[in-house]
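Source file model.json; content: JSON, C-alpha atoms and all ligand atoms.
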[["chain", "number", "residue", "atom", "x", "y", "z"],
["V", 1, "MET", "CA", 50.50, -53.70, -34.29],
["V", 2, "ASN", "CA", 51.44, -56.98, -35.86],
["V", 3, "ILE", "CA", 48.56, -58.64, -37.76],
["V", 4, "ILE", "CA", 48.91, -62.42, -37.99],
["V", 5, "ARG", "CA", 46.65, -64.53, -40.21],
["V", 6, "ARG", "CA", 48.07, -68.04, -39.96],
["V", 7, "VAL", "CA", 48.05, -70.42, -37.00],
["V", 8, "THR", "CA", 51.64, -71.56, -37.56],
["V", 9, "ASP", "CA", 52.85, -67.94, -37.71],
["V", 10, "MET", "CA", 51.00, -67.19, -34.47],
["V", 11, "GLN", "CA", 52.52, -70.24, -32.78],
["V", 12, "ARG", "CA", 56.01, -69.34, -33.97],
["V", 13, "GLU", "CA", 55.65, -65.76, -32.71],
["V", 14, "SER", "CA", 54.25, -66.97, -29.39],
["V", 15, "ASP", "CA", 57.14, -69.43, -28.95],
["V", 16, "ARG", "CA", 59.65, -66.68, -29.73],
["V", 17, "LEU", "CA", 58.06, -64.30, -27.22],
["V", 18, "ARG", "CA", 57.80, -66.92, -24.49],
["V", 19, "ALA", "CA", 61.41, -67.99, -25.04],
["V", 20, "ALA", "CA", 62.40, -64.35, -24.55],
["V", 21, "GLY", "CA", 60.59, -64.41, -21.19],
["V", 22, "ALA", "CA", 57.52, -62.39, -22.20],
["V", 23, "SER", "CA", 54.09, -63.15, -20.74],
["V", 24, "ILE", "CA", 51.16, -63.22, -23.19],
["V", 25, "GLY", "CA", 47.66, -61.96, -22.38],
["V", 26, "PHE", "CA", 44.91, -62.95, -24.81],
["V", 27, "VAL", "CA", 41.43, -61.61, -25.61],
["V", 28, "PRO", "CA", 39.33, -63.70, -28.02],
["V", 29, "THR", "CA", 36.52, -61.80, -29.81],
["V", 30, "MET", "CA", 34.26, -61.97, -32.83],
["V", 31, "GLY", "CA", 34.99, -58.35, -33.70],
["V", 32, "TYR", "CA", 32.72, -55.34, -34.16],
["V", 33, "LEU", "CA", 34.38, -54.14, -31.00],
["V", 34, "HIS", "CA", 32.89, -51.93, -28.30],
["V", 35, "GLU", "CA", 34.06, -50.66, -24.91],
["V", 36, "GLY", "CA", 33.22, -54.01, -23.29],
["V", 37, "HIS", "CA", 35.76, -55.76, -25.53],
["V", 38, "LEU", "CA", 38.26, -52.97, -24.93],
["V", 39, "ASP", "CA", 37.95, -53.43, -21.14],
["V", 40, "LEU", "CA", 39.10, -57.03, -21.63],
["V", 41, "LEU", "CA", 42.04, -55.86, -23.67],
["V", 42, "ARG", "CA", 42.95, -53.23, -21.05],
["V", 43, "ILE", "CA", 43.22, -56.05, -18.49],
["V", 44, "ALA", "CA", 45.45, -58.13, -20.80],
["V", 45, "ILE", "CA", 47.65, -55.11, -21.52],
["V", 46, "SER", "CA", 47.99, -54.14, -17.87],
["V", 47, "ARG", "CA", 48.76, -57.69, -16.69],
["V", 48, "CYS", "CA", 51.05, -59.06, -19.41],
["V", 49, "ASP", "CA", 54.11, -58.04, -21.42],
["V", 50, "ILE", "CA", 52.43, -58.80, -24.75],
["V", 51, "SER", "CA", 48.74, -58.50, -25.60],
["V", 52, "VAL", "CA", 47.05, -60.53, -28.32],
["V", 53, "CYS", "CA", 43.50, -59.90, -29.50],
["V", 54, "SER", "CA", 41.79, -62.28, -31.91],
["V", 55, "ILE", "CA", 38.97, -61.46, -34.28],
["V", 56, "PHE", "CA", 37.22, -64.48, -35.72],
["V", 57, "VAL", "CA", 33.50, -64.81, -36.36],
["V", 58, "ASN", "CA", 33.28, -68.46, -35.41],
["V", 59, "PRO", "CA", 30.71, -70.30, -37.56],
["V", 60, "THR", "CA", 30.48, -73.38, -35.32],
["V", 61, "GLN", "CA", 29.00, -71.46, -32.39],
["V", 62, "PHE", "CA", 26.04, -70.23, -34.45],
["V", 63, "GLY", "CA", 22.98, -72.44, -34.80],
["V", 64, "ARG", "CA", 21.60, -73.12, -38.27],
["V", 65, "ASP", "CA", 18.85, -70.50, -37.90],
["V", 66, "GLU", "CA", 21.03, -67.92, -36.19],
["V", 67, "ASP", "CA", 22.65, -64.68, -37.34],
["V", 68, "LEU", "CA", 26.04, -65.81, -38.73],
["V", 69, "ALA", "CA", 25.50, -64.24, -42.16],
["V", 70, "ARG", "CA", 24.41, -60.85, -40.83],
["V", 71, "TYR", "CA", 26.74, -60.71, -37.80],
["V", 72, "PRO", "CA", 28.20, -57.16, -37.90],
["V", 73, "ARG", "CA", 31.79, -56.78, -39.11],
["V", 74, "ASP", "CA", 34.13, -53.77, -39.41],
["V", 75, "PHE", "CA", 37.72, -54.97, -39.54],
["V", 76, "GLU", "CA", 39.34, -51.59, -40.26],
["V", 77, "ARG", "CA", 37.58, -49.88, -37.37],
["V", 78, "ASP", "CA", 38.40, -52.76, -35.01],
["V", 79, "CYS", "CA", 42.10, -52.58, -35.97],
["V", 80, "ALA", "CA", 42.20, -48.83, -35.30],
["V", 81, "LEU", "CA", 40.52, -49.24, -31.90],
["V", 82, "ILE", "CA", 42.83, -51.92, -30.55],
["V", 83, "GLU", "CA", 45.96, -50.41, -32.04],
["V", 84, "ALA", "CA", 45.12, -47.08, -30.33],
["V", 85, "LEU", "CA", 44.83, -48.97, -27.03],
["V", 86, "GLY", "CA", 48.30, -50.46, -27.45],
["V", 87, "CYS", "CA", 47.48, -54.01, -28.54],
["V", 88, "ASP", "CA", 50.64, -55.76, -29.76],
["V", 89, "ILE", "CA", 49.24, -58.53, -31.96],
["V", 90, "LEU", "CA", 45.96, -59.03, -33.79],
["V", 91, "PHE", "CA", 45.34, -62.66, -34.68],
["V", 92, "ALA", "CA", 42.78, -62.71, -37.50],
["V", 93, "PRO", "CA", 42.63, -66.14, -39.15],
["V", 94, "ASP", "CA", 40.05, -66.98, -41.79],
["V", 95, "GLU", "CA", 37.66, -69.91, -41.60],
["V", 96, "SER", "CA", 39.76, -72.36, -43.60],
["V", 97, "GLU", "CA", 42.72, -71.61, -41.35],
["V", 98, "MET", "CA", 40.77, -72.40, -38.17],
["V", 99, "TYR", "CA", 38.80, -75.31, -39.64],
["V", 100, "PRO", "CA", 41.02, -76.93, -42.25],
["V", 101, "GLU", "CA", 39.45, -79.11, -44.95],
["V", 102, "GLY", "CA", 38.15, -82.34, -43.42],
["V", 103, "ASP", "CA", 38.25, -80.99, -39.86],
["V", 104, "CYS", "CA", 36.18, -83.29, -37.60],
["V", 105, "THR", "CA", 37.45, -82.68, -34.07],
["V", 106, "PHE", "CA", 35.34, -80.96, -31.44],
["V", 107, "VAL", "CA", 35.79, -80.18, -27.75],
["V", 108, "HIS", "CA", 32.74, -80.78, -25.60],
["V", 109, "VAL", "CA", 32.21, -79.80, -21.97],
["V", 110, "ASP", "CA", 29.43, -81.90, -20.46],
["V", 111, "HIS", "CA", 26.71, -80.98, -17.88],
["V", 112, "LEU", "CA", 27.48, -77.25, -17.61],
["V", 113, "THR", "CA", 26.53, -76.80, -21.26],
["V", 114, "ASN", "CA", 23.13, -78.51, -21.07],
["V", 115, "THR", "CA", 21.21, -75.73, -19.31],
["V", 116, "LEU", "CA", 20.28, -72.09, -20.00],
["V", 117, "GLU", "CA", 22.10, -70.96, -23.18],
["V", 118, "GLY", "CA", 22.91, -74.60, -23.94],
["V", 119, "ALA", "CA", 19.23, -75.57, -23.77],
["V", 120, "PHE", "CA", 18.22, -72.85, -26.23],
["V", 121, "ARG", "CA", 21.33, -73.06, -28.42],
["V", 122, "PRO", "CA", 22.21, -76.77, -28.39],
["V", 123, "THR", "CA", 25.38, -76.59, -30.52],
["V", 124, "HIS", "CA", 26.61, -73.22, -29.26],
["V", 125, "PHE", "CA", 29.00, -74.22, -26.50],
["V", 126, "ARG", "CA", 30.55, -77.03, -28.52],
["V", 127, "GLY", "CA", 31.50, -74.34, -31.04],
["V", 128, "VAL", "CA", 32.80, -72.03, -28.33],
["V", 129, "THR", "CA", 34.93, -74.62, -26.54],
["V", 130, "THR", "CA", 36.29, -75.94, -29.83],
["V", 131, "VAL", "CA", 37.32, -72.53, -31.12],
["V", 132, "VAL", "CA", 38.72, -71.37, -27.77],
["V", 133, "THR", "CA", 40.81, -74.55, -27.65],
["V", 134, "LYS", "CA", 42.13, -73.91, -31.15],
["V", 135, "LEU", "CA", 42.83, -70.26, -30.27],
["V", 136, "PHE", "CA", 44.61, -71.22, -27.03],
["V", 137, "LEU", "CA", 46.78, -73.68, -28.97],
["V", 138, "ALA", "CA", 47.60, -71.01, -31.54],
["V", 139, "VAL", "CA", 48.28, -68.11, -29.15],
["V", 140, "ARG", "CA", 49.58, -70.12, -26.16],
["V", 141, "PRO", "CA", 48.78, -67.36, -23.65],
["V", 142, "GLN", "CA", 49.46, -67.38, -19.92],
["V", 143, "LEU", "CA", 46.34, -65.27, -19.32],
["V", 144, "ALA", "CA", 43.05, -65.10, -21.23],
["V", 145, "VAL", "CA", 40.35, -62.52, -20.48],
["V", 146, "PHE", "CA", 36.61, -63.10, -20.90],
["V", 147, "GLY", "CA", 33.55, -60.97, -20.12],
["V", 148, "GLN", "CA", 31.04, -61.55, -17.33],
["V", 149, "LYS", "CA", 28.40, -60.58, -19.93],
["V", 150, "ASP", "CA", 28.56, -64.23, -21.06],
["V", 151, "ALA", "CA", 28.42, -65.72, -17.57],
["V", 152, "GLN", "CA", 27.80, -69.31, -18.60],
["V", 153, "GLN", "CA", 30.61, -69.11, -21.15],
["V", 154, "VAL", "CA", 32.95, -68.04, -18.33],
["V", 155, "ALA", "CA", 31.93, -71.08, -16.26],
["V", 156, "VAL", "CA", 32.36, -73.42, -19.25],
["V", 157, "ILE", "CA", 35.76, -72.01, -20.26],
["V", 158, "ARG", "CA", 37.04, -72.16, -16.67],
["V", 159, "ARG", "CA", 35.99, -75.79, -16.42],
["V", 160, "MET", "CA", 37.49, -76.73, -19.78],
["V", 161, "THR", "CA", 40.74, -74.93, -18.97],
["V", 162, "ARG", "CA", 41.00, -76.81, -15.69],
["V", 163, "ASP", "CA", 39.92, -80.20, -17.05],
["V", 164, "LEU", "CA", 42.30, -80.10, -20.04],
["V", 165, "HIS", "CA", 45.25, -78.67, -18.05],
["V", 166, "PHE", "CA", 45.67, -75.77, -20.45],
["V", 167, "GLY", "CA", 47.75, -73.83, -17.92],
["V", 168, "VAL", "CA", 45.99, -70.62, -18.88],
["V", 169, "GLU", "CA", 44.77, -68.26, -16.17],
["V", 170, "ILE", "CA", 41.22, -67.05, -16.85],
["V", 171, "ALA", "CA", 40.42, -63.45, -15.87],
["V", 172, "VAL", "CA", 36.92, -62.00, -16.02],
["V", 173, "ALA", "CA", 35.92, -58.39, -16.70],
["V", 174, "PRO", "CA", 32.66, -56.94, -15.37],
["V", 175, "ILE", "CA", 29.78, -56.19, -17.74],
["V", 176, "ARG", "CA", 30.22, -52.88, -19.55],
["V", 177, "ARG", "CA", 26.91, -51.07, -20.02],
["V", 178, "GLU", "CA", 25.60, -48.15, -22.02],
["V", 179, "LYS", "CA", 24.72, -45.04, -19.96],
["V", 180, "ASP", "CA", 21.11, -46.19, -19.63],
["V", 181, "GLY", "CA", 22.12, -49.67, -18.44],
["V", 182, "LEU", "CA", 21.81, -51.78, -21.59],
["V", 183, "ALA", "CA", 24.69, -54.29, -21.62],
["V", 184, "MET", "CA", 26.98, -53.53, -24.55],
["V", 185, "SER", "CA", 26.82, -56.14, -27.30],
["V", 186, "SER", "CA", 27.77, -56.28, -30.97],
["V", 187, "ARG", "CA", 24.18, -57.48, -31.50],
["V", 188, "ASN", "CA", 22.67, -54.23, -30.13],
["V", 189, "THR", "CA", 23.20, -52.84, -33.60],
["V", 190, "TYR", "CA", 20.25, -55.00, -34.76],
["V", 191, "LEU", "CA", 17.83, -53.13, -32.49],
["V", 192, "GLY", "CA", 15.44, -50.55, -33.88],
["V", 193, "GLU", "CA", 14.69, -47.44, -31.82],
["V", 194, "ASP", "CA", 11.60, -48.88, -30.09],
["V", 195, "GLU", "CA", 13.27, -52.24, -29.54],
["V", 196, "ARG", "CA", 16.29, -50.51, -28.05],
["V", 197, "ARG", "CA", 14.00, -48.80, -25.51],
["V", 198, "GLU", "CA", 12.16, -52.02, -24.70],
["V", 199, "ALA", "CA", 15.41, -53.92, -24.27],
["V", 200, "LEU", "CA", 16.08, -51.86, -21.14],
["V", 201, "ALA", "CA", 13.56, -54.08, -19.35],
["V", 202, "LEU", "CA", 16.37, -56.65, -19.01],
["V", 203, "PHE", "CA", 18.58, -54.30, -17.02],
["V", 204, "ARG", "CA", 15.60, -52.96, -15.07],
["V", 205, "SER", "CA", 14.55, -56.47, -14.06],
["V", 206, "LEU", "CA", 18.07, -57.28, -12.85],
["V", 207, "GLN", "CA", 18.35, -54.04, -10.88],
["V", 208, "ARG", "CA", 15.05, -54.77, -9.19],
["V", 209, "ALA", "CA", 16.18, -58.30, -8.39],
["V", 210, "ARG", "CA", 19.24, -56.84, -6.68],
["V", 211, "LYS", "CA", 17.08, -54.42, -4.73],
["V", 212, "LEU", "CA", 14.77, -57.24, -3.63],
["V", 213, "HIS", "CA", 17.79, -59.25, -2.47],
["V", 214, "ASP", "CA", 19.32, -56.23, -0.73],
["V", 215, "ASP", "CA", 16.01, -55.73, 1.08],
["V", 216, "GLY", "CA", 16.18, -59.29, 2.41],
["V", 217, "GLU", "CA", 14.34, -61.46, -0.12],
["V", 218, "ARG", "CA", 16.05, -64.87, -0.17],
["V", 219, "SER", "CA", 13.59, -67.00, -2.11],
["V", 220, "ALA", "CA", 15.14, -67.80, -5.49],
["V", 221, "ALA", "CA", 11.69, -68.66, -6.87],
["V", 222, "ASN", "CA", 10.27, -65.26, -5.86],
["V", 223, "ILE", "CA", 13.16, -63.36, -7.40],
["V", 224, "GLN", "CA", 12.94, -65.45, -10.55],
["V", 225, "ARG", "CA", 9.20, -64.86, -10.90],
["V", 226, "PHE", "CA", 9.64, -61.15, -10.32],
["V", 227, "VAL", "CA", 12.35, -60.87, -13.01],
["V", 228, "ALA", "CA", 10.31, -62.83, -15.55],
["V", 229, "GLU", "CA", 7.22, -60.68, -14.93],
["V", 230, "GLU", "CA", 9.20, -57.48, -15.25],
["V", 231, "ILE", "CA", 10.59, -58.54, -18.64],
["V", 232, "LEU", "CA", 7.26, -59.79, -19.97],
["V", 233, "ARG", "CA", 5.54, -56.58, -18.83],
["V", 234, "SER", "CA", 7.73, -54.66, -21.29],
["V", 235, "GLY", "CA", 5.44, -55.56, -24.18],
["V", 236, "THR", "CA", 6.77, -57.52, -27.12],
["V", 237, "MET", "CA", 9.73, -59.36, -25.63],
["V", 238, "THR", "CA", 9.64, -63.13, -25.35],
["V", 239, "LEU", "CA", 11.52, -64.72, -22.52],
["V", 240, "ASP", "CA", 13.82, -67.70, -23.09],
["V", 241, "TYR", "CA", 14.71, -67.95, -19.41],
["V", 242, "ALA", "CA", 15.09, -66.06, -16.16],
["V", 243, "ALA", "CA", 16.87, -68.00, -13.43],
["V", 244, "VAL", "CA", 18.79, -67.66, -10.19],
["V", 245, "VAL", "CA", 21.85, -69.91, -10.39],
["V", 246, "HIS", "CA", 25.13, -70.81, -8.71],
["V", 247, "PRO", "CA", 27.80, -68.82, -10.61],
["V", 248, "ASP", "CA", 30.22, -71.75, -10.94],
["V", 249, "THR", "CA", 27.90, -74.64, -11.72],
["V", 250, "MET", "CA", 25.08, -72.69, -13.41],
["V", 251, "GLU", "CA", 22.69, -74.94, -11.50],
["V", 252, "GLN", "CA", 19.40, -73.38, -10.56],
["V", 253, "ILE", "CA", 19.05, -72.48, -6.87],
["V", 254, "GLU", "CA", 15.86, -74.23, -5.82],
["V", 255, "ASP", "CA", 15.21, -72.85, -2.34],
["V", 256, "GLU", "CA", 16.78, -70.12, -0.24],
["V", 257, "ILE", "CA", 19.73, -68.12, -1.53],
["V", 258, "HIS", "CA", 22.80, -68.51, 0.70],
["V", 259, "GLY", "CA", 26.07, -66.99, -0.54],
["V", 260, "ALA", "CA", 26.92, -66.34, -4.16],
["V", 261, "ALA", "CA", 24.08, -66.23, -6.65],
["V", 262, "LEU", "CA", 23.67, -64.97, -10.16],
["V", 263, "VAL", "CA", 20.49, -63.91, -11.92],
["V", 264, "VAL", "CA", 20.66, -64.76, -15.63],
["V", 265, "VAL", "CA", 18.18, -63.75, -18.32],
["V", 266, "ALA", "CA", 17.76, -64.29, -22.05],
["V", 267, "ALA", "CA", 15.01, -62.71, -24.13],
["V", 268, "ARG", "CA", 14.12, -62.11, -27.74],
["V", 269, "ILE", "CA", 13.02, -58.81, -29.11],
["V", 270, "GLY", "CA", 12.01, -58.99, -32.74],
["V", 271, "SER", "CA", 14.69, -61.13, -34.37],
["V", 272, "THR", "CA", 17.35, -60.17, -31.81],
["V", 273, "ARG", "CA", 18.29, -62.34, -28.86],
["V", 274, "LEU", "CA", 19.80, -60.59, -25.83],
["V", 275, "ILE", "CA", 21.33, -61.95, -22.63],
["V", 276, "ASP", "CA", 22.26, -60.25, -19.38],
["V", 277, "ASN", "CA", 23.02, -61.13, -15.77],
["V", 278, "THR", "CA", 23.88, -59.76, -12.37],
["V", 279, "PHE", "CA", 25.31, -61.04, -9.13],
["V", 280, "LEU", "CA", 23.16, -60.79, -6.04],
["V", 281, "GLY", "CA", 24.90, -59.30, -3.02],
["V", 282, "SER", "CA", 28.22, -57.52, -2.88],
["V", 283, "GLU", "CA", 29.81, -59.06, -6.00],
["V", 284, "GLY", "CA", 27.13, -57.34, -8.05],
["V", 285, "SER", "CA", 28.29, -53.81, -7.40],
["V", 286, "SER", "CA", 30.34, -53.68, -10.59],
["V", 287, "SER", "CA", 28.02, -55.56, -12.90],
["G", 301, "LIG", "P1", 32.14, -61.57, -28.58],
["G", 301, "LIG", "O1", 32.89, -60.74, -29.54],
["G", 301, "LIG", "O2", 30.69, -61.19, -28.44],
["G", 301, "LIG", "O3", 32.36, -63.06, -28.76],
["G", 301, "LIG", "O4", 32.76, -61.25, -27.15],
["G", 301, "LIG", "C1", 34.13, -61.38, -26.89],
["G", 301, "LIG", "C2", 34.37, -61.23, -25.42],
["G", 301, "LIG", "O5", 33.91, -59.94, -24.98],
["G", 301, "LIG", "C3", 33.61, -62.27, -24.57],
["G", 301, "LIG", "O6", 34.46, -62.72, -23.51],
["G", 301, "LIG", "C4", 32.44, -61.48, -24.05],
["G", 301, "LIG", "O7", 31.93, -61.97, -22.82],
["G", 301, "LIG", "C5", 33.06, -60.11, -23.86],
["G", 301, "LIG", "N1", 32.04, -59.07, -23.84],
["G", 301, "LIG", "C6", 31.08, -58.83, -24.77],
["G", 301, "LIG", "N2", 30.28, -57.83, -24.39],
["G", 301, "LIG", "C7", 30.72, -57.42, -23.17],
["G", 301, "LIG", "C8", 30.29, -56.42, -22.24],
["G", 301, "LIG", "N3", 29.24, -55.63, -22.47],
["G", 301, "LIG", "N4", 31.00, -56.28, -21.10],
["G", 301, "LIG", "C9", 32.05, -57.09, -20.83],
["G", 301, "LIG", "N5", 32.51, -58.04, -21.67],
["G", 301, "LIG", "C10", 31.84, -58.21, -22.81]]

Is it possible to give me this structure as structure tokens?
Ligand code: AMP
Amino acid sequence: MNIIRRVTDMQRESDRLRAAGASIGFVPTMGYLHEGHLDLLRIAISRCDISVCSIFVNPTQFGRDEDLARYPRDFERDCALIEALGCDILFAPDESEMYPEGDCTFVHVDHLTNTLEGAFRPTHFRGVTTVVTKLFLAVRPQLAVFGQKDAQQVAVIRRMTRDLHFGVEIAVAPIRREKDGLAMSSRNTYLGEDERREALALFRSLQRARKLHDDGERSAANIQRFVAEEILRSGTMTLDYAAVVHPDTMEQIEDEIHGAALVVVAARIGSTRLIDNTFLGSEGSSS
């Protein structure tokens, strides 16, 4: 596996590969990889000639009071995992490479970023869209793979990619879960034993929402109330939001659910913030 640290080296390698007719599939990550990340990479590997994975803990997507300093890192282990899978290139720039001295350019997607995660983490999506833009311009992929775990991020990236004519196809992998249902996340490592058990209320609430919907419940408000109650019943968790939304616009469904709908939740347990989601109806079978 080729490890590239500099943007210009990545661009040169990408140009060379594309000129030789190779297609490039890209998976951006912040490292501390788990099977959810590896699923994304498996898609890139299966669909493209060359796979590129990036590891960059992006400071601009963390709020001032968030967990940037303690975000888990294990570069050696990550390298071994993706190399074993057959990843061709690891792009691992440092902060000064991605944000050169005096950097003052940001990419902002309006509307979609104001609600849900955007309401609780006001600078988060600006950081995400800025770094994904920089990564796309460095890697120049034909395909980029993201996880349904971050449902709003998927909607934001799709919109940005379309609006800015990036010419990158966006593929989405279903949520990878632990055996007991907890959605895999690098942040799960923060959870103590009791917190880990309590965190299952998120998955349980989503499963029950799906069951309600399968049994014919179509009131978004009823499903939303039910999910919120289920999470709050768990004990010490605080709820940031529980909502039933349109998967593309992330707008809350106010009345009856017709067609595609997504239940999204965010909760805090101790100092850890967790998010999860599920589709209602047939799309939800895999996540
Ligand atoms: P991160 O390293 O947390 O920024 O995540 C990098 C990519 O992996 C994002 O597209 C995430 O949505 C995706 N991802 C993280 N956790 C999961 C999961 N449990 N299942 C599927 N994709 C995931």

Exercise answer, 8 Å around ligand LIG 301 (chain G) with all atoms listed in the file, as a PyMOL selection string: chain V and resi 27-37+39-40+55+57+145-151+153-154+172-177+183-186

Counting all atoms listed in the file, the residue of V:Ala199, V:Leu182, V:Ala44, V:Met10 that sits nearest Leu135 (chain V):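 Smallest distance to Leu135 (chain V) is found for V:Met10.
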
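Using all atoms listed in the file for every distance, the candidate list V:Thr130, V:Tyr190, V:Thr238, V:Ala144 yields V:Tyr190 as the residue closest to Asp67 (chain V).
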
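Residue nearest Leu232 (chain V), chosen from V:His258, V:Arg204, V:Arg218, V:Lys211 and counting all atoms listed in the file: V:Arg204.
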
Nearest candidate to Thr8 (chain V) (options V:Arg140, V:Arg268, V:Arg158, V:Arg126; using all atoms listed in the file):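 Closest to Thr8 (chain V), using all atoms listed in the file: V:Arg140.
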
Neighbours of point (26.4, -63.4, -12.3) within 12 Å, using only C-alpha atoms, written as a ChimeraX atom specification: /V:147-155,172-175,206,210,243-250,260-265,275-287

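Distance-wise, CA of Gly102 (chain V) and CA of Asp15 (chain V) end up 27.1 Å apart.
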
Nearest to Ala266 (chain V) by atom-to-atom distance, counting all atoms listed in the file, from V:Val139, V:Leu90, V:Ala209, V:Leu116: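 Closest candidate: V:Leu116.
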
Pairwise distance for CA of Asp163 (chain V) and CA of Leu137 (chain V), rounded to one decimal in Å: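 Spanning CA of Asp163 (chain V) to CA of Leu137 (chain V) is a straight-line distance of 15.2 Å.
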
Point-to-point distance from CA of Glu251 (chain V) to CA of Gly167 (chain V), Å rounded to tenths: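 Between CA of Glu251 (chain V) and CA of Gly167 (chain V) the gap works out to 25.9 Å.
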
Minimum-distance residue to Met160 (chain V), chosen among V:Glu83, V:Glu254, V:Asp110, V:Asp9 (using all atoms listed in the file):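 Closest to Met160 (chain V) of all the choices is V:Asp110.
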
Distance query His124 (chain V) at most 7 Å, only C-alpha atoms, self and fewer than 4 positions along chain excluded, as a list in words: Gln61, Phe62, Gly63, Gly118 and Val128 of chain V

Within 12 Å of Ile269 (chain V) using all atoms listed in the file, minus same-chain residues under 3 positions, as a ChimeraX atom specification: /V:187-188,190-202,231-232,234-240,266,272-275

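Near Met1 (chain V), within a cut-off of 10 Å and counting all atoms listed in the file, sit the residues V:Val52, V:Cys79, V:Ala80, V:Ile82, V:Glu83, V:Ala84, V:Gly86, V:Cys87, V:Asp88, V:Ile89, V:Leu90, with same-chain residues fewer than 5 positions away left out.
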